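Dropping entry_18.csv in here (CSV, C-alpha atoms (C1' of nucleotides)):
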chain,number,residue,atom,x,y,z
A,87,MET,CA,-68.4,22.2,-160.8
A,88,ALA,CA,-68.2,18.9,-159.1
A,89,THR,CA,-70.7,16.0,-158.9
A,90,ILE,CA,-71.8,14.9,-155.5
A,91,GLY,CA,-69.4,12.0,-155.7
A,92,ILE,CA,-66.4,14.2,-156.3
A,93,ALA,CA,-67.6,16.6,-153.6
A,94,ALA,CA,-67.9,13.8,-151.1
A,95,LYS,CA,-64.4,12.6,-151.9
A,96,ARG,CA,-63.0,16.0,-151.5
A,97,ALA,CA,-64.9,16.6,-148.2
A,98,GLY,CA,-64.0,13.2,-146.9
A,99,CYS,CA,-67.5,11.9,-146.4
A,100,SER,CA,-70.0,9.8,-148.2
A,101,VAL,CA,-72.4,10.9,-150.9
A,102,GLU,CA,-75.3,9.9,-148.6
A,103,THR,CA,-73.9,12.2,-145.8
A,104,ILE,CA,-74.0,15.2,-148.1
A,105,ARG,CA,-77.5,14.4,-149.2
A,106,TYR,CA,-78.4,14.0,-145.6
A,107,TYR,CA,-77.0,17.4,-144.7
A,108,GLU,CA,-79.0,18.9,-147.5
A,109,ARG,CA,-82.2,17.1,-146.4
A,110,ILE,CA,-81.9,18.4,-142.8
A,111,GLY,CA,-81.1,21.9,-144.1
A,112,LEU,CA,-77.5,22.1,-142.9
A,113,VAL,CA,-76.3,22.9,-146.4
A,114,SER,CA,-78.5,24.5,-149.0
A,115,ALA,CA,-79.4,22.6,-152.1
A,116,PRO,CA,-76.8,23.2,-154.8
A,117,PRO,CA,-77.8,24.1,-158.3
A,118,ARG,CA,-78.6,21.2,-160.7
A,119,ALA,CA,-77.1,20.4,-164.0
A,120,ARG,CA,-79.4,20.0,-167.0
A,121,ASN,CA,-79.5,16.3,-166.3
A,122,GLY,CA,-80.8,16.9,-162.8
A,123,ARG,CA,-77.6,16.2,-161.0
A,124,ARG,CA,-76.3,18.3,-158.1
A,125,SER,CA,-73.5,20.5,-159.1
A,126,TYR,CA,-71.1,21.7,-156.4
A,127,GLY,CA,-68.8,24.7,-156.8
A,128,GLU,CA,-65.7,25.5,-154.7
A,129,ASP,CA,-67.7,27.3,-152.0
A,130,GLU,CA,-70.2,24.5,-151.5
A,131,VAL,CA,-67.3,22.0,-151.1
A,132,ARG,CA,-65.6,24.3,-148.7
A,133,GLN,CA,-68.8,24.5,-146.7
A,134,ILE,CA,-69.1,20.8,-146.5
A,135,LYS,CA,-65.4,20.4,-145.5
A,136,PHE,CA,-66.0,23.0,-142.8
A,137,ILE,CA,-68.9,20.9,-141.5
A,138,ARG,CA,-66.9,17.7,-141.6
A,139,ARG,CA,-64.0,19.4,-139.7
A,140,CYS,CA,-66.4,20.6,-137.0
A,141,ARG,CA,-67.9,17.1,-136.8
A,142,ASN,CA,-64.4,15.7,-136.4
A,143,LEU,CA,-63.8,18.1,-133.6
A,144,GLY,CA,-66.8,16.6,-131.9
A,145,PHE,CA,-69.4,19.3,-132.4
A,146,SER,CA,-73.0,18.1,-132.7
A,147,LEU,CA,-74.9,18.9,-135.8
A,148,LYS,CA,-76.8,21.5,-133.9
A,149,GLU,CA,-73.6,23.2,-132.8
A,150,VAL,CA,-72.3,22.9,-136.3
A,151,ALA,CA,-75.4,24.7,-137.6
A,152,THR,CA,-74.7,27.5,-135.2
A,153,LEU,CA,-71.0,27.7,-136.3
A,154,VAL,CA,-72.1,27.7,-139.9
A,155,SER,CA,-74.5,30.6,-139.3
A,156,LEU,CA,-71.9,32.5,-137.3
A,157,SER,CA,-69.4,31.9,-140.0
A,158,THR,CA,-71.5,34.0,-142.4
A,159,THR,CA,-72.4,36.7,-140.0
A,160,GLY,CA,-69.1,38.4,-139.1
A,161,GLY,CA,-68.9,41.0,-136.3
A,162,GLU,CA,-69.3,39.9,-132.7
A,163,ALA,CA,-69.6,36.2,-133.8
A,164,CYS,CA,-66.0,35.5,-132.8
A,165,ALA,CA,-66.8,35.7,-129.1
A,166,ARG,CA,-69.6,33.2,-129.4
A,167,VAL,CA,-67.5,30.9,-131.5
A,168,LYS,CA,-64.8,31.1,-128.8
A,169,SER,CA,-67.3,30.2,-126.1
A,170,ILE,CA,-68.7,27.3,-128.0
A,171,ALA,CA,-65.1,26.0,-128.6
A,172,ALA,CA,-64.3,26.4,-124.9
A,173,ALA,CA,-67.3,24.4,-124.0
A,174,GLN,CA,-66.2,21.8,-126.4
A,175,VAL,CA,-62.8,21.7,-124.8
A,176,ARG,CA,-64.3,21.1,-121.5
A,177,SER,CA,-66.5,18.3,-122.8
A,178,VAL,CA,-63.5,16.7,-124.5
A,179,ARG,CA,-61.6,16.8,-121.3
A,180,GLU,CA,-64.4,15.2,-119.4
A,181,LYS,CA,-64.6,12.4,-122.0
A,182,MET,CA,-60.9,11.8,-121.7
A,183,ALA,CA,-61.1,11.6,-118.0
A,184,ASP,CA,-64.0,9.1,-118.2
A,185,LEU,CA,-62.0,7.1,-120.7
A,186,ALA,CA,-58.9,7.1,-118.5
A,187,ARG,CA,-61.0,5.7,-115.6
A,188,VAL,CA,-62.4,3.1,-117.9
A,189,GLU,CA,-59.0,2.2,-119.2
A,190,GLU,CA,-57.6,1.8,-115.6
A,191,TRP,CA,-60.6,-0.4,-114.7
A,192,LEU,CA,-60.1,-2.7,-117.7
A,193,ALA,CA,-56.4,-2.9,-117.2
A,194,GLN,CA,-56.9,-3.9,-113.6
A,195,MET,CA,-59.3,-6.6,-114.5
A,196,ILE,CA,-57.1,-7.9,-117.2
A,197,ALA,CA,-54.2,-8.0,-114.7
A,198,GLN,CA,-56.3,-10.2,-112.5
A,199,CYS,CA,-56.5,-12.7,-115.3
A,200,ASP,CA,-52.7,-13.0,-115.3
A,201,ALA,CA,-52.6,-13.4,-111.5
A,202,PRO,CA,-51.4,-16.9,-110.4
A,203,ARG,CA,-54.3,-19.0,-109.3
A,204,HIS,CA,-58.0,-18.4,-109.4
A,205,GLU,CA,-61.3,-20.2,-110.0
A,206,GLY,CA,-63.6,-19.2,-112.8
A,207,CYS,CA,-63.0,-15.9,-114.6
A,208,PRO,CA,-61.8,-13.1,-112.3
A,209,MET,CA,-63.0,-10.5,-114.6
A,210,ILE,CA,-66.6,-11.9,-114.8
A,211,ASP,CA,-66.5,-12.4,-111.1
A,212,THR,CA,-65.5,-8.8,-110.5
A,213,LEU,CA,-68.2,-7.5,-112.8
A,214,PHE,CA,-70.7,-9.6,-110.9
A,215,ALA,CA,-69.5,-8.7,-107.5
A,216,ALA,CA,-72.0,-6.7,-105.5
A,217,GLU,CA,-69.8,-4.0,-104.3
A,218,THR,CA,-68.3,-3.2,-107.7
A,219,GLN,CA,-68.8,0.5,-108.6
A,220,ILE,CA,-67.9,1.8,-111.9
A,221,THR,CA,-68.1,5.6,-112.2
A,222,ALA,CA,-67.5,6.4,-115.8
B,142,MET,CA,-88.5,-9.6,-104.8
B,143,ALA,CA,-88.2,-6.1,-106.2
B,144,THR,CA,-90.4,-4.2,-108.5
B,145,ILE,CA,-88.9,-2.9,-111.7
B,146,GLY,CA,-88.6,0.6,-110.2
B,147,ILE,CA,-86.6,-0.8,-107.2
B,148,ALA,CA,-84.5,-2.9,-109.5
B,149,ALA,CA,-83.7,0.1,-111.7
B,150,LYS,CA,-82.7,2.1,-108.8
B,151,ARG,CA,-80.4,-0.6,-107.5
B,152,ALA,CA,-78.9,-1.2,-111.0
B,153,GLY,CA,-78.5,2.5,-111.6
B,154,CYS,CA,-80.6,2.7,-114.7
B,155,SER,CA,-84.1,3.7,-115.7
B,156,VAL,CA,-87.1,1.4,-115.7
B,157,GLU,CA,-87.4,1.8,-119.4
B,158,THR,CA,-83.8,0.6,-119.9
B,159,ILE,CA,-84.6,-2.6,-118.1
B,160,ARG,CA,-87.8,-3.1,-120.1
B,161,TYR,CA,-85.7,-2.4,-123.2
B,162,TYR,CA,-83.1,-5.0,-122.2
B,163,GLU,CA,-85.9,-7.5,-121.8
B,164,ARG,CA,-87.5,-6.6,-125.1
B,165,ILE,CA,-84.2,-7.2,-127.0
B,166,GLY,CA,-83.6,-10.4,-125.1
B,167,LEU,CA,-80.5,-9.2,-123.2
B,168,VAL,CA,-82.1,-10.2,-120.0
B,169,SER,CA,-84.8,-12.9,-119.7
B,170,ALA,CA,-88.3,-11.9,-118.7
B,171,PRO,CA,-88.6,-12.1,-114.9
B,172,PRO,CA,-91.5,-13.8,-113.2
B,173,ARG,CA,-94.6,-11.8,-112.7
B,174,ALA,CA,-96.5,-11.1,-109.5
B,175,ARG,CA,-100.2,-11.9,-109.4
B,176,ASN,CA,-101.0,-8.4,-110.4
B,177,GLY,CA,-98.9,-8.8,-113.6
B,178,ARG,CA,-95.9,-6.8,-112.4
B,179,ARG,CA,-92.4,-7.9,-113.0
B,180,SER,CA,-90.7,-9.3,-109.9
B,181,TYR,CA,-86.9,-9.2,-109.7
B,182,GLY,CA,-84.9,-11.4,-107.4
B,183,GLU,CA,-81.3,-10.8,-106.3
B,184,ASP,CA,-79.9,-12.7,-109.3
B,185,GLU,CA,-81.8,-10.7,-111.8
B,186,VAL,CA,-80.7,-7.5,-110.3
B,187,ARG,CA,-77.1,-8.7,-110.2
B,188,GLN,CA,-77.4,-9.5,-113.9
B,189,ILE,CA,-78.7,-6.0,-114.7
B,190,LYS,CA,-75.9,-4.5,-112.7
B,191,PHE,CA,-73.4,-6.6,-114.6
B,192,ILE,CA,-74.8,-5.3,-117.8
B,193,ARG,CA,-74.7,-1.7,-116.7
B,194,ARG,CA,-71.1,-2.0,-115.5
B,195,CYS,CA,-70.2,-3.4,-118.9
B,196,ARG,CA,-72.0,-0.6,-120.6
B,197,ASN,CA,-70.2,1.9,-118.4
B,198,LEU,CA,-66.9,0.3,-119.5
B,199,GLY,CA,-67.9,1.1,-123.1
B,200,PHE,CA,-68.9,-2.4,-124.3
B,201,SER,CA,-71.6,-2.4,-127.0
B,202,LEU,CA,-74.8,-4.3,-126.2
B,203,LYS,CA,-73.6,-7.0,-128.6
B,204,GLU,CA,-70.4,-7.4,-126.7
B,205,VAL,CA,-72.3,-7.3,-123.4
B,206,ALA,CA,-74.5,-10.1,-124.7
B,207,THR,CA,-71.4,-12.1,-125.4
B,208,LEU,CA,-70.0,-11.4,-122.0
B,209,VAL,CA,-73.3,-12.3,-120.4
B,210,SER,CA,-73.3,-15.7,-122.2
B,211,LEU,CA,-69.7,-16.2,-121.3
B,212,SER,CA,-70.4,-15.4,-117.7
B,213,THR,CA,-72.8,-18.4,-117.5
B,214,THR,CA,-70.6,-20.9,-119.3
B,215,GLY,CA,-67.5,-21.3,-117.3
B,216,GLY,CA,-64.5,-23.2,-118.6
B,217,GLU,CA,-62.4,-21.7,-121.4
B,218,ALA,CA,-64.6,-18.5,-121.4
B,219,CYS,CA,-62.0,-16.6,-119.5
B,220,ALA,CA,-59.6,-16.4,-122.4
B,221,ARG,CA,-62.3,-15.0,-124.6
B,222,VAL,CA,-63.3,-12.5,-121.9
B,223,LYS,CA,-59.8,-11.4,-121.7
B,224,SER,CA,-59.4,-10.9,-125.4
B,225,ILE,CA,-62.7,-8.9,-125.6
B,226,ALA,CA,-61.4,-6.7,-122.7
B,227,ALA,CA,-58.1,-6.3,-124.4
B,228,ALA,CA,-59.8,-5.2,-127.6
B,229,GLN,CA,-61.8,-2.7,-125.5
B,230,VAL,CA,-58.6,-1.3,-123.9
B,231,ARG,CA,-57.2,-0.7,-127.4
B,232,SER,CA,-60.4,1.0,-128.5
B,233,VAL,CA,-60.4,3.1,-125.4
B,234,ARG,CA,-56.8,4.1,-126.0
B,235,GLU,CA,-57.6,5.1,-129.6
B,236,LYS,CA,-60.5,7.2,-128.5
B,237,MET,CA,-58.3,8.9,-126.0
B,238,ALA,CA,-55.7,9.6,-128.6
B,239,ASP,CA,-58.3,11.0,-130.9
B,240,LEU,CA,-59.7,13.2,-128.2
B,241,ALA,CA,-56.2,14.4,-127.3
B,242,ARG,CA,-55.7,15.5,-130.9
B,243,VAL,CA,-59.1,17.2,-130.9
B,244,GLU,CA,-58.3,19.0,-127.6
B,245,GLU,CA,-55.0,20.3,-129.0
B,246,TRP,CA,-56.7,21.5,-132.1
B,247,LEU,CA,-59.4,23.3,-130.2
B,248,ALA,CA,-56.8,24.8,-127.8
B,249,GLN,CA,-54.8,26.1,-130.7
B,250,MET,CA,-57.7,27.7,-132.4
B,251,ILE,CA,-58.8,29.3,-129.1
B,252,ALA,CA,-55.3,30.6,-128.6
B,253,GLN,CA,-55.6,32.3,-132.0
B,254,CYS,CA,-58.6,34.2,-130.7
B,255,ASP,CA,-56.4,35.7,-128.0
B,256,ALA,CA,-53.7,36.7,-130.4
B,257,PRO,CA,-53.2,40.4,-130.9
B,258,ARG,CA,-54.8,41.6,-134.1
B,259,HIS,CA,-56.8,39.8,-136.7
B,260,GLU,CA,-59.7,40.4,-139.1
B,261,GLY,CA,-62.8,38.3,-138.8
B,262,CYS,CA,-62.8,35.2,-136.6
B,263,PRO,CA,-59.5,33.3,-136.7
B,264,MET,CA,-61.2,30.1,-135.7
B,265,ILE,CA,-63.8,30.2,-138.4
B,266,ASP,CA,-61.1,31.1,-140.9
B,267,THR,CA,-59.0,28.2,-139.9
B,268,LEU,CA,-61.9,25.8,-140.2
B,269,PHE,CA,-62.6,27.2,-143.7
B,270,ALA,CA,-59.1,27.2,-144.8
B,271,ALA,CA,-58.5,24.8,-147.7
B,272,GLU,CA,-55.4,23.1,-146.3
B,273,THR,CA,-56.8,22.4,-142.9
B,274,GLN,CA,-56.6,18.7,-142.0
B,275,ILE,CA,-58.2,17.3,-139.0
B,276,THR,CA,-57.4,13.7,-138.4
B,277,ALA,CA,-59.5,12.6,-135.4
C,145,DA,C1',-112.6,8.0,-101.5
C,146,DT,C1',-109.3,10.5,-103.6
C,147,DG,C1',-105.3,11.5,-105.1
C,148,DC,C1',-100.7,10.4,-106.8
C,149,DA,C1',-97.0,7.3,-107.7
C,150,DT,C1',-95.9,3.3,-110.0
C,151,DC,C1',-96.7,-0.1,-113.0
C,152,DC,C1',-98.5,-2.1,-117.6
C,153,DC,C1',-98.1,-2.0,-122.9
C,154,DG,C1',-97.1,-0.4,-127.5
C,155,DT,C1',-95.3,2.9,-130.4
C,156,DA,C1',-92.7,7.0,-131.8
C,157,DG,C1',-88.7,9.8,-131.4
C,158,DC,C1',-83.7,11.2,-130.8
C,159,DA,C1',-78.7,11.6,-133.2
C,160,DG,C1',-76.1,10.9,-137.1
C,161,DG,C1',-75.8,8.8,-140.3
C,162,DT,C1',-75.9,4.0,-143.5
C,163,DA,C1',-78.2,0.8,-146.5
C,164,DC,C1',-81.6,-0.6,-149.8
C,165,DG,C1',-84.4,-0.8,-153.9
C,166,DG,C1',-85.8,0.8,-158.2
C,167,DG,C1',-85.2,4.0,-161.7
C,168,DT,C1',-82.0,7.4,-165.1
C,169,DT,C1',-77.9,8.6,-167.3
C,170,DC,C1',-73.3,8.7,-168.8
C,171,DA,C1',-68.7,7.2,-170.4
C,172,DA,C1',-66.0,3.4,-172.2
C,173,DG,C1',-65.2,-0.9,-174.6
C,174,DG,C1',-66.4,-4.4,-178.0
D,21,DC,C1',-74.1,1.1,-182.3
D,22,DC,C1',-74.9,-1.4,-178.3
D,23,DT,C1',-74.2,-2.9,-174.0
D,24,DT,C1',-72.2,-2.9,-169.5
D,25,DG,C1',-71.1,-0.8,-165.3
D,26,DA,C1',-70.5,3.1,-162.5
D,27,DA,C1',-72.5,7.0,-160.7
D,28,DC,C1',-76.4,9.6,-160.0
D,29,DC,C1',-81.6,10.3,-158.7
D,30,DC,C1',-85.3,9.6,-155.0
D,31,DG,C1',-87.7,7.9,-150.9
D,32,DT,C1',-87.7,5.0,-147.2
D,33,DA,C1',-86.1,1.7,-143.9
D,34,DC,C1',-82.6,0.4,-140.8
D,35,DC,C1',-78.9,0.9,-137.1
D,36,DT,C1',-77.5,1.7,-131.7
D,37,DG,C1',-79.1,2.6,-127.2
D,38,DC,C1',-82.0,4.4,-125.2
D,39,DT,C1',-85.9,8.0,-123.9
D,40,DA,C1',-90.5,9.8,-124.2
D,41,DC,C1',-95.4,9.6,-124.8
D,42,DG,C1',-100.1,8.2,-124.3
D,43,DG,C1',-103.6,5.7,-122.2
D,44,DG,C1',-105.0,2.5,-118.9
D,45,DA,C1',-104.7,-0.5,-114.4
D,46,DT,C1',-103.0,-0.9,-109.9
D,47,DG,C1',-101.3,0.2,-105.2
D,48,DC,C1',-100.6,3.0,-101.1
D,49,DA,C1',-101.4,6.8,-98.1
D,50,DT,C1',-104.4,10.2,-96.3

Here is the file; what I need is its structure written in the form of structure tokens.
Amino acid sequence: MATIGIAAKRAGCSVETIRYYERIGLVSAPPRARNGRRSYGEDEVRQIKFIRRCRNLGFSLKEVATLVSLSTTGGEACARVKSIAAAQVRSVREKMADLARVEEWLAQMIAQCDAPRHEGCPMIDTLFAAETQITA
Amino acid sequence: MATIGIAAKRAGCSVETIRYYERIGLVSAPPRARNGRRSYGEDEVRQIKFIRRCRNLGFSLKEVATLVSLSTTGGEACARVKSIAAAQVRSVREKMADLARVEEWLAQMIAQCDAPRHEGCPMIDTLFAAETQITA
DNA sequence: ATGCATCCCGTAGCAGGTACGGGTTCAAGG
DNA sequence: CCTTGAACCCGTACCTGCTACGGGATGCAT
């Protein structure tokens, strides 16, 4: 039986984060020790780790809540899990594409800085230029 | 002289966003028409566009504020602008690397779903497994 | 004159936590 | 035995970057 501090360390998050998850009902309140402190068993810690992994994979708390509930109801849950994950892959790919465009933009502007002669700051000038379009 | 609605359309943001920028002091309050409405000239609109472009490039409002102030003080500002942009490129690259890892993870888990025979949901199982480490 | 859009203002809400302040409680060292 | 400091308790405020809401005034077109 672990204290919240130990549980946090094992789940790779902060104590406050666990208390926050409890407050919003994402994890159920653990039993308390006689002194009133939260007492986490292996299962509770695993649950929190699960949540943290999902968060690290970019799922929203709402999606995580769905995944958590699906994780306890076996059966045809797998198909739904798969579709949620597939949507997440699409979202991740979109974000990467956006970032790639942003990176190219930044790189181009920085390259202008290194160009031979110019007045003022080429980067600022570009950002101010009327025709500049950034679609990220 | 444009109304806030026109200015928003031209800058590619919402009316509320402009009022928000004004409220936090990122843009200065524009002159008002006799009826009390905000009146934006070309310069103000350019300024807002500048801010939106920076935001689209992933700069925080704080960084944008710095860039805005650097944009008005010429001189040695360019070097600072460049270093801010370079930091941003690094941050963007990190984010992309993180997302690439996440994508691979998700893809692997989805692939498990399509594997021949398994009990329960392989993805949920993987997320619950004790040894699973996701470093994103 | 009557809608309906657009503006005004202030305030509250969203996600996903983080930080703070004031109050127990526990384990270790002097 | 006493004290010090860490770790816990709780509730609430704060953070970023907006977005939404509510109620009222204005402007434009029919």

Using all atoms listed in the file for the distances, tell me which of B:Ile275, B:Ala220, B:Ala148, B:Leu202 is nearest to Leu167 of chain B.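 Closest to Leu167 of chain B, using all atoms listed in the file: B:Leu202.
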
Please provide as a PyMOL selection string all residues within 8 Å of segment 25-33 of chain D, with the sequence filter that same-chain residues fewer than 5 positions apart are discarded (counting only C-alpha atoms (C1' of nucleotides)). (chain A and resi 91+122-123) or (chain C and resi 164+167-169)

Residues from the last selection, C-alpha atoms (C1' of nucleotides), saved as an mmCIF file, in the coordinates of the input:
data_model
loop_
_atom_site.group_PDB
_atom_site.id
_atom_site.type_symbol
_atom_site.label_atom_id
_atom_site.label_comp_id
_atom_site.auth_asym_id
_atom_site.auth_seq_id
_atom_site.Cartn_x
_atom_site.Cartn_y
_atom_site.Cartn_z
ATOM 1 C CA GLY A 91 -69.400 12.000 -155.700
ATOM 2 C CA GLY A 122 -80.800 16.900 -162.800
ATOM 3 C CA ARG A 123 -77.600 16.200 -161.000
ATOM 4 C "C1'" DC C 164 -81.600 -0.600 -149.800
ATOM 5 C "C1'" DG C 167 -85.200 4.000 -161.700
ATOM 6 C "C1'" DT C 168 -82.000 7.400 -165.100
ATOM 7 C "C1'" DT C 169 -77.900 8.600 -167.300
#

Please return, as a list in words, all residues of chain C lying within 10 Å of chain A when only C-alpha atoms (C1' of nucleotides) are considered.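 Matching residues, ligands excluded from the count: DA159, DG160, DG161, DT162, DA163, DT168 and DT169 of chain C.
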
Dump as a PDB file, in the frame of the given file, selection limited to C-alpha atoms (C1' of nucleotides):
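As written to disk, part12.pdb reads:
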ATOM      1  C1'  DA C 159     -78.700  11.600-133.200  1.00  0.00           C
ATOM      2  C1'  DG C 160     -76.100  10.900-137.100  1.00  0.00           C
ATOM      3  C1'  DG C 161     -75.800   8.800-140.300  1.00  0.00           C
ATOM      4  C1'  DT C 162     -75.900   4.000-143.500  1.00  0.00           C
ATOM      5  C1'  DA C 163     -78.200   0.800-146.500  1.00  0.00           C
ATOM      6  C1'  DT C 168     -82.000   7.400-165.100  1.00  0.00           C
ATOM      7  C1'  DT C 169     -77.900   8.600-167.300  1.00  0.00           C
TER       8       DT C 169
END

Chain A on chain B, least-squares, complete ordered Cα pairing, as a compact mmCIF listing (two decimals) with C-alpha atoms, keeping the file's coordinate frame:
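Saved file selection_16.txt follows:
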# COMPACT_ATOMS: atom_id res chain seq x y z
CA MET A 87 -88.46 -9.28 -104.79
CA ALA A 88 -88.13 -5.87 -106.23
CA THR A 89 -90.37 -3.91 -108.65
CA ILE A 90 -88.83 -2.71 -111.84
CA GLY A 91 -88.50 0.73 -110.34
CA ILE A 92 -86.49 -0.47 -107.39
CA ALA A 93 -84.41 -2.69 -109.69
CA ALA A 94 -83.62 0.22 -111.94
CA LYS A 95 -82.55 2.33 -108.99
CA ARG A 96 -80.35 -0.35 -107.71
CA ALA A 97 -78.81 -1.01 -111.18
CA GLY A 98 -78.40 2.66 -111.85
CA CYS A 99 -80.49 2.85 -114.98
CA SER A 100 -83.97 3.75 -115.98
CA VAL A 101 -87.03 1.54 -115.86
CA GLU A 102 -87.33 1.91 -119.66
CA THR A 103 -83.69 0.63 -120.10
CA ILE A 104 -84.51 -2.56 -118.24
CA ARG A 105 -87.63 -3.09 -120.26
CA TYR A 106 -85.60 -2.45 -123.32
CA TYR A 107 -83.03 -5.05 -122.37
CA GLU A 108 -85.81 -7.51 -121.82
CA ARG A 109 -87.44 -6.67 -125.19
CA ILE A 110 -84.16 -7.25 -127.11
CA GLY A 111 -83.55 -10.47 -125.16
CA LEU A 112 -80.48 -9.33 -123.22
CA VAL A 113 -82.13 -10.24 -119.93
CA SER A 114 -84.84 -12.83 -119.65
CA ALA A 115 -88.29 -11.81 -118.59
CA PRO A 116 -88.59 -11.96 -114.81
CA PRO A 117 -91.49 -13.65 -113.15
CA ARG A 118 -94.68 -11.56 -112.62
CA ALA A 119 -96.51 -10.84 -109.47
CA ARG A 120 -100.22 -11.65 -109.30
CA ASN A 121 -100.94 -8.11 -110.37
CA GLY A 122 -98.90 -8.55 -113.53
CA ARG A 123 -95.91 -6.60 -112.41
CA ARG A 124 -92.32 -7.72 -113.01
CA SER A 125 -90.72 -9.04 -109.95
CA TYR A 126 -86.92 -9.00 -109.74
CA GLY A 127 -84.91 -11.14 -107.32
CA GLU A 128 -81.28 -10.59 -106.25
CA ASP A 129 -79.86 -12.49 -109.24
CA GLU A 130 -81.85 -10.58 -111.84
CA VAL A 131 -80.65 -7.27 -110.30
CA ARG A 132 -77.13 -8.51 -110.25
CA GLN A 133 -77.45 -9.41 -113.91
CA ILE A 134 -78.66 -6.01 -114.80
CA LYS A 135 -75.88 -4.31 -112.75
CA PHE A 136 -73.39 -6.52 -114.57
CA ILE A 137 -74.78 -5.28 -117.88
CA ARG A 138 -74.71 -1.66 -116.79
CA ARG A 139 -71.05 -2.05 -115.61
CA CYS A 140 -70.06 -3.52 -118.98
CA ARG A 141 -71.91 -0.68 -120.74
CA ASN A 142 -70.01 1.79 -118.60
CA LEU A 143 -66.81 0.16 -119.62
CA GLY A 144 -67.77 0.88 -123.18
CA PHE A 145 -68.81 -2.55 -124.40
CA SER A 146 -71.52 -2.61 -127.07
CA LEU A 147 -74.69 -4.43 -126.36
CA LYS A 148 -73.55 -7.18 -128.63
CA GLU A 149 -70.32 -7.59 -126.70
CA VAL A 150 -72.26 -7.43 -123.50
CA ALA A 151 -74.47 -10.29 -124.71
CA THR A 152 -71.38 -12.33 -125.34
CA LEU A 153 -69.97 -11.51 -121.83
CA VAL A 154 -73.29 -12.41 -120.32
CA SER A 155 -73.33 -15.79 -122.07
CA LEU A 156 -69.71 -16.44 -121.15
CA SER A 157 -70.45 -15.50 -117.62
CA THR A 158 -72.79 -18.50 -117.32
CA THR A 159 -70.67 -20.95 -119.16
CA GLY A 160 -67.53 -21.36 -117.03
CA GLY A 161 -64.49 -23.30 -118.32
CA GLU A 162 -62.39 -21.85 -121.11
CA ALA A 163 -64.57 -18.65 -121.17
CA CYS A 164 -61.94 -16.70 -119.23
CA ALA A 165 -59.59 -16.58 -122.20
CA ARG A 166 -62.25 -15.17 -124.46
CA VAL A 167 -63.32 -12.67 -121.87
CA LYS A 168 -59.66 -11.59 -121.57
CA SER A 169 -59.40 -11.13 -125.33
CA ILE A 170 -62.56 -9.14 -125.56
CA ALA A 171 -61.32 -6.88 -122.68
CA ALA A 172 -57.97 -6.44 -124.42
CA ALA A 173 -59.69 -5.38 -127.54
CA GLN A 174 -61.66 -2.96 -125.54
CA VAL A 175 -58.51 -1.55 -124.05
CA ARG A 176 -57.12 -0.96 -127.40
CA SER A 177 -60.27 0.77 -128.61
CA VAL A 178 -60.30 2.96 -125.50
CA ARG A 179 -56.77 3.96 -126.15
CA GLU A 180 -57.50 4.86 -129.71
CA LYS A 181 -60.45 7.02 -128.58
CA MET A 182 -58.25 8.80 -126.10
CA ALA A 183 -55.68 9.49 -128.68
CA ASP A 184 -58.32 10.88 -131.08
CA LEU A 185 -59.65 13.00 -128.26
CA ALA A 186 -56.20 14.32 -127.37
CA ARG A 187 -55.71 15.41 -131.02
CA VAL A 188 -59.08 17.05 -130.96
CA GLU A 189 -58.34 18.77 -127.71
CA GLU A 190 -54.97 20.14 -129.06
CA TRP A 191 -56.76 21.38 -132.20
CA LEU A 192 -59.43 23.24 -130.22
CA ALA A 193 -56.96 24.67 -127.81
CA GLN A 194 -54.89 26.00 -130.67
CA MET A 195 -57.82 27.63 -132.27
CA ILE A 196 -58.96 29.13 -129.07
CA ALA A 197 -55.44 30.52 -128.54
CA GLN A 198 -55.73 32.25 -131.86
CA CYS A 199 -58.73 34.11 -130.55
CA ASP A 200 -56.60 35.59 -127.76
CA ALA A 201 -53.84 36.57 -130.21
CA PRO A 202 -53.43 40.40 -130.54
CA ARG A 203 -54.98 41.62 -133.73
CA HIS A 204 -57.03 39.87 -136.34
CA GLU A 205 -59.98 40.42 -138.67
CA GLY A 206 -63.10 38.33 -138.43
CA CYS A 207 -63.04 35.15 -136.33
CA PRO A 208 -59.72 33.26 -136.52
CA MET A 209 -61.31 30.10 -135.54
CA ILE A 210 -64.01 30.24 -138.30
CA ASP A 211 -61.36 31.30 -140.70
CA THR A 212 -59.18 28.34 -139.82
CA LEU A 213 -62.06 25.92 -140.15
CA PHE A 214 -62.77 27.38 -143.56
CA ALA A 215 -59.25 27.44 -144.74
CA ALA A 216 -58.59 25.08 -147.61
CA GLU A 217 -55.54 23.43 -146.35
CA THR A 218 -56.94 22.64 -142.90
CA GLN A 219 -56.72 18.88 -142.15
CA ILE A 220 -58.24 17.44 -139.15
CA THR A 221 -57.37 13.77 -138.55
CA ALA A 222 -59.44 12.67 -135.64

Need to verify the contact set: Thr152 of chain A, 12 Å, all atoms listed in the file, exclusion of same-chain residues closer than 5 positions in sequence. Can you return it as a ChimeraX atom specification? /A:112,137,140,145-147,157-159,163,166-167,170-171 /B:265

One number please: atom CA of Ile134 of chain A to atom CA of Leu156 of chain A, in Å, one decimal. 15.1 Å

Contacts of DC158 of chain C at 10 Å or less, counting only C-alpha atoms (C1' of nucleotides), minus same-chain residues fewer than 5 places along, as a ChimeraX atom specification? /D:38-40
